[in-house]
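Novice: So that you have it, the file is final-v5.cif, and it contains mmCIF, C-alpha atoms:
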```cif
data_work
#
loop_
_atom_site.group_PDB
_atom_site.id
_atom_site.type_symbol
_atom_site.label_atom_id
_atom_site.label_comp_id
_atom_site.auth_asym_id
_atom_site.auth_seq_id
_atom_site.Cartn_x
_atom_site.Cartn_y
_atom_site.Cartn_z
ATOM 1 C CA MET S 10 34.315 -21.963 -151.855
ATOM 2 C CA VAL S 11 37.286 -22.384 -149.525
ATOM 3 C CA GLN S 12 37.234 -20.478 -146.264
ATOM 4 C CA ASP S 13 40.270 -18.471 -145.200
ATOM 5 C CA THR S 14 41.768 -20.063 -142.059
ATOM 6 C CA SER S 15 44.513 -17.525 -141.481
ATOM 7 C CA THR S 16 42.501 -15.413 -139.025
ATOM 8 C CA PRO S 17 40.104 -16.892 -136.506
ATOM 9 C CA HIS S 18 36.429 -16.186 -136.887
ATOM 10 C CA PRO S 19 35.028 -13.963 -134.075
ATOM 11 C CA ASP S 20 32.744 -16.803 -132.876
ATOM 12 C CA HIS S 21 35.565 -19.380 -132.795
ATOM 13 C CA GLY S 22 39.147 -19.597 -131.708
ATOM 14 C CA SER S 23 40.818 -18.686 -128.436
ATOM 15 C CA ARG S 24 38.762 -16.609 -126.016
ATOM 16 C CA GLN S 25 39.759 -15.490 -122.539
ATOM 17 C CA PRO S 26 37.967 -17.527 -119.877
ATOM 18 C CA SER S 27 35.395 -15.549 -117.947
ATOM 19 C CA ARG S 28 36.230 -14.333 -114.457
ATOM 20 C CA ALA S 29 33.866 -16.900 -112.972
ATOM 21 C CA VAL S 30 35.675 -19.755 -114.701
ATOM 22 C CA ALA S 31 39.047 -18.362 -113.619
ATOM 23 C CA TRP S 32 37.813 -18.108 -110.011
ATOM 24 C CA LEU S 33 36.512 -21.669 -110.105
ATOM 25 C CA ARG S 34 39.946 -22.876 -111.207
ATOM 26 C CA LEU S 35 41.632 -20.867 -108.451
ATOM 27 C CA PHE S 36 39.125 -21.711 -105.691
ATOM 28 C CA PRO S 37 40.641 -25.066 -104.574
ATOM 29 C CA THR S 38 44.061 -23.458 -104.095
ATOM 30 C CA VAL S 39 42.622 -20.501 -102.178
ATOM 31 C CA PHE S 40 40.509 -22.872 -100.067
ATOM 32 C CA VAL S 41 43.496 -25.064 -99.160
ATOM 33 C CA VAL S 42 45.652 -22.038 -98.305
ATOM 34 C CA MET S 43 42.911 -20.549 -96.081
ATOM 35 C CA LEU S 44 42.335 -23.925 -94.423
ATOM 36 C CA GLY S 45 46.086 -24.187 -93.787
ATOM 37 C CA ILE S 46 46.224 -20.721 -92.226
ATOM 38 C CA LEU S 47 43.196 -21.457 -90.041
ATOM 39 C CA GLY S 48 44.645 -24.828 -89.022
ATOM 40 C CA GLY S 49 48.026 -23.258 -88.242
ATOM 41 C CA VAL S 50 46.464 -20.566 -86.081
ATOM 42 C CA GLY S 51 44.357 -23.227 -84.345
ATOM 43 C CA VAL S 52 47.356 -25.463 -83.608
ATOM 44 C CA PHE S 53 49.366 -22.486 -82.331
ATOM 45 C CA THR S 54 46.500 -21.325 -80.113
ATOM 46 C CA PHE S 55 45.919 -24.855 -78.778
ATOM 47 C CA GLY S 56 49.603 -25.170 -77.899
ATOM 48 C CA TYR S 57 50.012 -21.647 -76.497
ATOM 49 C CA GLY S 58 46.814 -21.996 -74.432
ATOM 50 C CA GLN S 59 47.889 -25.404 -73.088
ATOM 51 C CA GLY S 60 44.823 -26.959 -74.712
ATOM 52 C CA ALA S 61 45.877 -30.546 -74.073
ATOM 53 C CA SER S 62 45.782 -29.931 -70.323
ATOM 54 C CA TYR S 63 42.038 -29.276 -70.572
ATOM 55 C CA LEU S 64 41.505 -32.861 -71.646
ATOM 56 C CA SER S 65 42.596 -34.013 -68.178
ATOM 57 C CA ASN S 66 40.808 -34.127 -64.856
ATOM 58 C CA ASN S 67 43.503 -32.160 -63.022
ATOM 59 C CA PRO S 68 42.173 -29.128 -61.072
ATOM 60 C CA LEU S 69 45.454 -27.269 -61.701
ATOM 61 C CA THR S 70 44.325 -26.978 -65.311
ATOM 62 C CA CYS S 71 41.721 -24.440 -64.254
ATOM 63 C CA VAL S 72 44.392 -22.043 -63.016
ATOM 64 C CA ASN S 73 45.917 -21.843 -66.504
ATOM 65 C CA CYS S 74 43.690 -18.760 -66.542
ATOM 66 C CA HIS S 75 44.749 -16.355 -63.802
ATOM 67 C CA ILE S 76 41.163 -15.378 -63.131
ATOM 68 C CA MET S 77 40.486 -18.879 -61.798
ATOM 69 C CA GLN S 78 43.189 -18.785 -59.100
ATOM 70 C CA ASP S 79 40.790 -17.573 -56.385
ATOM 71 C CA HIS S 80 38.292 -20.302 -57.305
ATOM 72 C CA TYR S 81 41.023 -22.944 -57.147
ATOM 73 C CA ASP S 82 42.252 -21.641 -53.775
ATOM 74 C CA ALA S 83 38.678 -21.654 -52.464
ATOM 75 C CA TRP S 84 38.243 -25.255 -53.659
ATOM 76 C CA LEU S 85 41.434 -26.238 -51.777
ATOM 77 C CA ASN S 86 39.764 -24.962 -48.587
ATOM 78 C CA SER S 87 36.396 -26.561 -49.273
ATOM 79 C CA SER S 88 34.790 -29.688 -47.909
ATOM 80 C CA HIS S 89 34.744 -31.173 -51.423
ATOM 81 C CA ARG S 90 38.474 -31.086 -52.186
ATOM 82 C CA HIS S 91 38.905 -34.731 -51.097
ATOM 83 C CA VAL S 92 35.897 -36.070 -52.998
ATOM 84 C CA ALA S 93 35.397 -33.954 -56.121
ATOM 85 C CA VAL S 94 37.478 -32.073 -58.676
ATOM 86 C CA CYS S 95 36.318 -29.253 -60.945
ATOM 87 C CA ASN S 96 35.019 -31.592 -63.661
ATOM 88 C CA ASP S 97 32.903 -33.553 -61.165
ATOM 89 C CA CYS S 98 30.813 -30.491 -60.372
ATOM 90 C CA HIS S 99 31.095 -28.366 -63.504
ATOM 91 C CA LEU S 100 30.563 -31.001 -66.218
ATOM 92 C CA PRO S 101 27.690 -33.423 -66.800
ATOM 93 C CA HIS S 102 28.340 -36.987 -65.698
ATOM 94 C CA HIS S 103 27.178 -38.377 -69.056
ATOM 95 C CA PRO S 104 30.229 -38.897 -71.328
ATOM 96 C CA VAL S 105 28.722 -37.225 -74.406
ATOM 97 C CA GLY S 106 27.338 -34.297 -72.414
ATOM 98 C CA LYS S 107 30.685 -33.950 -70.661
ATOM 99 C CA TRP S 108 32.630 -33.486 -73.903
ATOM 100 C CA ILE S 109 30.007 -31.250 -75.482
ATOM 101 C CA THR S 110 29.991 -28.987 -72.421
ATOM 102 C CA LYS S 111 33.795 -29.061 -72.238
ATOM 103 C CA ALA S 112 34.038 -27.996 -75.901
ATOM 104 C CA ASP S 113 31.341 -25.347 -75.509
ATOM 105 C CA ASN S 114 32.916 -23.881 -72.374
ATOM 106 C CA GLY S 115 36.406 -24.098 -73.846
ATOM 107 C CA PHE S 116 35.404 -22.177 -76.944
ATOM 108 C CA PHE S 117 33.484 -19.451 -75.138
ATOM 109 C CA HIS S 118 36.056 -19.118 -72.340
ATOM 110 C CA SER S 119 38.834 -18.778 -74.929
ATOM 111 C CA LEU S 120 36.812 -16.224 -76.861
ATOM 112 C CA ALA S 121 35.957 -14.185 -73.762
ATOM 113 C CA PHE S 122 39.518 -14.191 -72.421
ATOM 114 C CA THR S 123 41.047 -13.441 -75.824
ATOM 115 C CA LEU S 124 38.714 -10.501 -76.406
ATOM 116 C CA GLU S 125 38.865 -9.526 -72.710
ATOM 117 C CA ASN S 126 35.081 -9.586 -72.649
ATOM 118 C CA PHE S 127 34.135 -11.216 -69.360
ATOM 119 C CA HIS S 128 32.692 -10.162 -66.024
ATOM 120 C CA GLU S 129 35.123 -9.922 -63.149
ATOM 121 C CA PRO S 130 34.739 -11.680 -60.829
ATOM 122 C CA ILE S 131 33.853 -14.458 -63.219
ATOM 123 C CA GLN S 132 30.248 -15.619 -62.939
ATOM 124 C CA ILE S 133 28.630 -18.915 -63.772
ATOM 125 C CA LYS S 134 26.204 -18.881 -66.700
ATOM 126 C CA PRO S 135 22.687 -20.302 -66.364
ATOM 127 C CA ARG S 136 23.414 -23.409 -68.471
ATOM 128 C CA ASN S 137 26.483 -24.191 -66.324
ATOM 129 C CA ARG S 138 24.514 -23.528 -63.144
ATOM 130 C CA ARG S 139 22.076 -26.259 -64.267
ATOM 131 C CA VAL S 140 25.010 -28.632 -64.797
ATOM 132 C CA THR S 141 26.317 -27.880 -61.304
ATOM 133 C CA GLN S 142 22.867 -28.320 -59.756
ATOM 134 C CA ASN S 143 22.478 -31.690 -61.470
ATOM 135 C CA ALA S 144 25.920 -32.732 -60.181
ATOM 136 C CA CYS S 145 24.868 -31.890 -56.620
ATOM 137 C CA LEU S 146 21.677 -33.890 -57.033
ATOM 138 C CA ALA S 147 23.496 -36.864 -58.582
ATOM 139 C CA CYS S 148 26.092 -37.137 -55.823
ATOM 140 C CA HIS S 149 23.715 -36.420 -52.954
ATOM 141 C CA ALA S 150 20.601 -38.226 -54.270
ATOM 142 C CA ASP S 151 20.240 -40.300 -51.084
ATOM 143 C CA PHE S 152 19.974 -37.154 -48.976
ATOM 144 C CA VAL S 153 17.980 -34.799 -51.178
ATOM 145 C CA HIS S 154 15.305 -37.019 -52.738
ATOM 146 C CA SER S 155 12.686 -35.764 -50.269
ATOM 147 C CA MET S 156 13.453 -32.136 -51.231
ATOM 148 C CA LEU S 157 13.074 -32.663 -54.978
ATOM 149 C CA PRO S 158 10.033 -31.180 -56.720
ATOM 150 C CA ALA S 159 6.971 -33.419 -56.892
ATOM 151 C CA GLU S 160 6.761 -32.873 -60.652
ATOM 152 C CA PRO S 161 9.655 -33.105 -63.120
ATOM 153 C CA GLY S 162 10.818 -29.583 -63.955
ATOM 154 C CA GLY S 163 9.154 -28.185 -60.835
ATOM 155 C CA GLU S 164 10.622 -25.293 -58.878
ATOM 156 C CA MET S 165 13.256 -25.827 -56.233
ATOM 157 C CA LEU S 166 16.047 -23.833 -54.667
ATOM 158 C CA LEU S 167 19.527 -24.340 -56.036
ATOM 159 C CA CYS S 168 21.729 -26.334 -53.682
ATOM 160 C CA VAL S 169 24.248 -23.480 -53.605
ATOM 161 C CA HIS S 170 21.530 -21.186 -52.250
ATOM 162 C CA CYS S 171 22.166 -22.694 -48.824
ATOM 163 C CA HIS S 172 25.520 -24.373 -49.455
ATOM 164 C CA SER S 173 27.465 -21.638 -51.228
ATOM 165 C CA ASN S 174 30.751 -22.667 -49.600
ATOM 166 C CA ALA S 175 30.486 -26.386 -50.344
ATOM 167 C CA GLY S 176 32.657 -26.400 -53.477
ATOM 168 C CA HIS S 177 34.428 -23.088 -53.039
ATOM 169 C CA ALA S 178 34.886 -22.192 -49.383
ATOM 170 C CA HIS S 179 35.080 -18.586 -48.150
ATOM 171 C CA ARG S 180 33.800 -16.963 -51.312
#
```
Is it possible to give me this structure as structure tokens?
Specialist:
Amino acid sequence: MVQDTSTPHPDHGSRQPSRAVAWLRLFPTVFVVMLGILGGVGVFTFGYGQGASYLSNNPLTCVNCHIMQDHYDAWLNSSHRHVAVCNDCHLPHHPVGKWITKADNGFFHSLAFTLENFHEPIQIKPRNRRVTQNACLACHADFVHSMLPAEPGGEMLLCVHCHSNAGHAHR
């Protein structure tokens, strides 16, 4: 017996692809478009926020944010202005730690300032206070070794407890 081929059998022939298959075909295009939008916004934000300046060691970079002007002015009047810039005290001295901290601070500072969700006057966070303490100890190791804790991780006063004007005078 010869089968009629004029009309397709319900189990064969052209079927509409399922929604999942259609989505899988469309996903790469949607992904690339979203990546492009995200990249475009990122490039715009980096340019508008003068992001390249943050890769330098110039203290004027810090005053890109108006809230830092008082800190910059205080640094200009401090005893450290001739020997240390912002990065010397506020970033680890290890190259990898420096860039990780710079990226971390850059992201969270940008987020806080964009969303206007920060304490005024600006306050140092505990992790950055540890970085600053370690910078003090690194630069002044010859003078402070006798004041260091007997055990690693032992308690000690922060250097800025007594020397609050060292990096930022008259604050």
Novice: Work out how far apart CA of Val50 in chain S and CA of Ser119 in chain S are and give it in Å to one decimal.
Specialist: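 For CA of Val50 in chain S relative to CA of Ser119 in chain S, the distance reads 13.6 Å.
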Novice: As an exercise, work out the distance from CA of Cys71 in chain S to CA of Cys168 in chain S in Å and give it to one decimal place.
Specialist: 22.7 Å
Novice: How close does range 29-113 of chain S get to range 138-145 of chain S? List, as CSV, each residue of range 29-113 of chain S within 7 Å, its nearest atom pair and the distance in Å to one decimal, counting all atoms listed in the file.
Specialist:
```
residue,atom,partner,partner_atom,distance
S:Cys98,CA,S:Thr141,CA,5.3
S:His99,CA,S:Thr141,CA,5.3
S:Leu100,CA,S:Val140,CA,6.2
S:Pro101,CA,S:Val140,CA,5.8
```
Novice: Evaluate the PyMOL selection byres ((chain S and resi 157) around 12) against this structure - the residues, as an NGL selection string, please.
Specialist: :S and (142-143 or 145-147 or 149-156 or 158-168)
Novice: One decimal, Å: what's the distance from CA of Gly48 in chain S over to CA of Leu69 in chain S, could you say?
Specialist: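 One can read the CA of Gly48 in chain S to CA of Leu69 in chain S distance as 27.4 Å.
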Novice: Go ahead and fit an axis-aligned box to every listed atom of range 80-90 of chain S plus 6 Å each side, and pass me the centre and edge lengths in Å, one decimal, as JSON.
Specialist:
```
{"center_x": 38.5, "center_y": -25.7, "center_z": -52.6, "size_x": 19.5, "size_y": 22.9, "size_z": 21.4}
```
Novice: Report the residues retrieved by the PyMOL selection byres ((chain S and resi 66) around 9) from the displayed file, expressed as a ChimeraX atom specification.
Specialist: /S:62-65,67-70,94-97
Novice: Which residues match the PyMOL selection byres ((chain S and resi 76) around 12) in the file above, as a PyMOL selection string?
Specialist: chain S and resi 71-75+77-82+118+121-122+125+127-132
Novice: For Asn114 in chain S, which residue among S:Ile133, S:His102, S:Phe55, S:Val39 is the nearest when counting all atoms listed in the file?
Specialist: S:Ile133
Novice: Please identify all polymer residues within 12 Å of Phe116 in chain S, counting only C-alpha atoms, omitting same-chain residues fewer than 4 positions from it, and present them as a list in words.
Specialist: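 Everything that qualifies: Gly51, Thr54, Phe55, Gly58, Gly60, Tyr63, Ile109, Thr110, Lys111, Ala112, Leu120, Ala121, Phe122 and Thr123 of chain S.
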Novice: I want to know what sits within 6 Å of His177 in chain S, based on all atoms listed in the file, with residues of the same chain fewer than 2 positions away left out; could you give that as a ChimeraX atom specification?
Specialist: /S:83-84,87,174-175
Novice: Kindly save the residues from that selection, with C-alpha atoms included, as an mmCIF file, keeping the file's coordinate frame.
Specialist:
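What ended up in result_39.cif:
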```cif
data_model
loop_
_atom_site.group_PDB
_atom_site.id
_atom_site.type_symbol
_atom_site.label_atom_id
_atom_site.label_comp_id
_atom_site.auth_asym_id
_atom_site.auth_seq_id
_atom_site.Cartn_x
_atom_site.Cartn_y
_atom_site.Cartn_z
ATOM 1 C CA ALA S 83 38.678 -21.654 -52.464
ATOM 2 C CA TRP S 84 38.243 -25.255 -53.659
ATOM 3 C CA SER S 87 36.396 -26.561 -49.273
ATOM 4 C CA ASN S 174 30.751 -22.667 -49.600
ATOM 5 C CA ALA S 175 30.486 -26.386 -50.344
#
```
Novice: Would you mind telling me which residue in S:Cys148, S:Ser88, S:Trp108, S:Leu124 lies nearest to Ala178 in chain S when using all atoms listed in the file?
Specialist: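 Among the listed residues, the smallest separation from Ala178 in chain S belongs to S:Ser88.
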Novice: Return range 142-155 of chain S, completed with N, CA and C atoms, as a PDB file, in the coordinates of the input.
Specialist:
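As a result, out.pdb now contains:
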```pdb
ATOM      1  N   GLN S 142      24.001 -27.865 -60.564  1.00  0.00           N
ATOM      2  CA  GLN S 142      22.867 -28.320 -59.756  1.00  0.00           C
ATOM      3  C   GLN S 142      22.636 -29.814 -59.952  1.00  0.00           C
ATOM      4  N   ASN S 143      22.674 -30.261 -61.192  1.00  0.00           N
ATOM      5  CA  ASN S 143      22.478 -31.690 -61.470  1.00  0.00           C
ATOM      6  C   ASN S 143      23.595 -32.535 -60.865  1.00  0.00           C
ATOM      7  N   ALA S 144      24.815 -32.005 -60.811  1.00  0.00           N
ATOM      8  CA  ALA S 144      25.920 -32.732 -60.181  1.00  0.00           C
ATOM      9  C   ALA S 144      25.670 -32.883 -58.682  1.00  0.00           C
ATOM     10  N   CYS S 145      25.202 -31.812 -58.053  1.00  0.00           N
ATOM     11  CA  CYS S 145      24.868 -31.890 -56.620  1.00  0.00           C
ATOM     12  C   CYS S 145      23.818 -32.977 -56.387  1.00  0.00           C
ATOM     13  N   LEU S 146      22.776 -32.933 -57.201  1.00  0.00           N
ATOM     14  CA  LEU S 146      21.677 -33.890 -57.033  1.00  0.00           C
ATOM     15  C   LEU S 146      22.120 -35.323 -57.310  1.00  0.00           C
ATOM     16  N   ALA S 147      23.015 -35.514 -58.262  1.00  0.00           N
ATOM     17  CA  ALA S 147      23.496 -36.864 -58.582  1.00  0.00           C
ATOM     18  C   ALA S 147      24.322 -37.445 -57.432  1.00  0.00           C
ATOM     19  N   CYS S 148      25.219 -36.637 -56.888  1.00  0.00           N
ATOM     20  CA  CYS S 148      26.092 -37.137 -55.823  1.00  0.00           C
ATOM     21  C   CYS S 148      25.376 -37.276 -54.484  1.00  0.00           C
ATOM     22  N   HIS S 149      24.393 -36.437 -54.254  1.00  0.00           N
ATOM     23  CA  HIS S 149      23.715 -36.420 -52.954  1.00  0.00           C
ATOM     24  C   HIS S 149      22.265 -36.908 -53.062  1.00  0.00           C
ATOM     25  N   ALA S 150      21.975 -37.748 -54.025  1.00  0.00           N
ATOM     26  CA  ALA S 150      20.601 -38.226 -54.270  1.00  0.00           C
ATOM     27  C   ALA S 150      19.982 -38.873 -53.036  1.00  0.00           C
ATOM     28  N   ASP S 151      20.775 -39.627 -52.269  1.00  0.00           N
ATOM     29  CA  ASP S 151      20.240 -40.300 -51.084  1.00  0.00           C
ATOM     30  C   ASP S 151      19.751 -39.321 -50.021  1.00  0.00           C
ATOM     31  N   PHE S 152      20.321 -38.123 -50.005  1.00  0.00           N
ATOM     32  CA  PHE S 152      19.974 -37.154 -48.976  1.00  0.00           C
ATOM     33  C   PHE S 152      18.914 -36.157 -49.417  1.00  0.00           C
ATOM     34  N   VAL S 153      18.849 -35.891 -50.717  1.00  0.00           N
ATOM     35  CA  VAL S 153      17.980 -34.799 -51.178  1.00  0.00           C
ATOM     36  C   VAL S 153      16.701 -35.257 -51.863  1.00  0.00           C
ATOM     37  N   HIS S 154      16.487 -36.550 -51.997  1.00  0.00           N
ATOM     38  CA  HIS S 154      15.305 -37.019 -52.738  1.00  0.00           C
ATOM     39  C   HIS S 154      14.002 -36.484 -52.164  1.00  0.00           C
ATOM     40  N   SER S 155      13.930 -36.276 -50.865  1.00  0.00           N
ATOM     41  CA  SER S 155      12.686 -35.764 -50.269  1.00  0.00           C
ATOM     42  C   SER S 155      12.500 -34.271 -50.529  1.00  0.00           C
TER      43      SER S 155
END
```
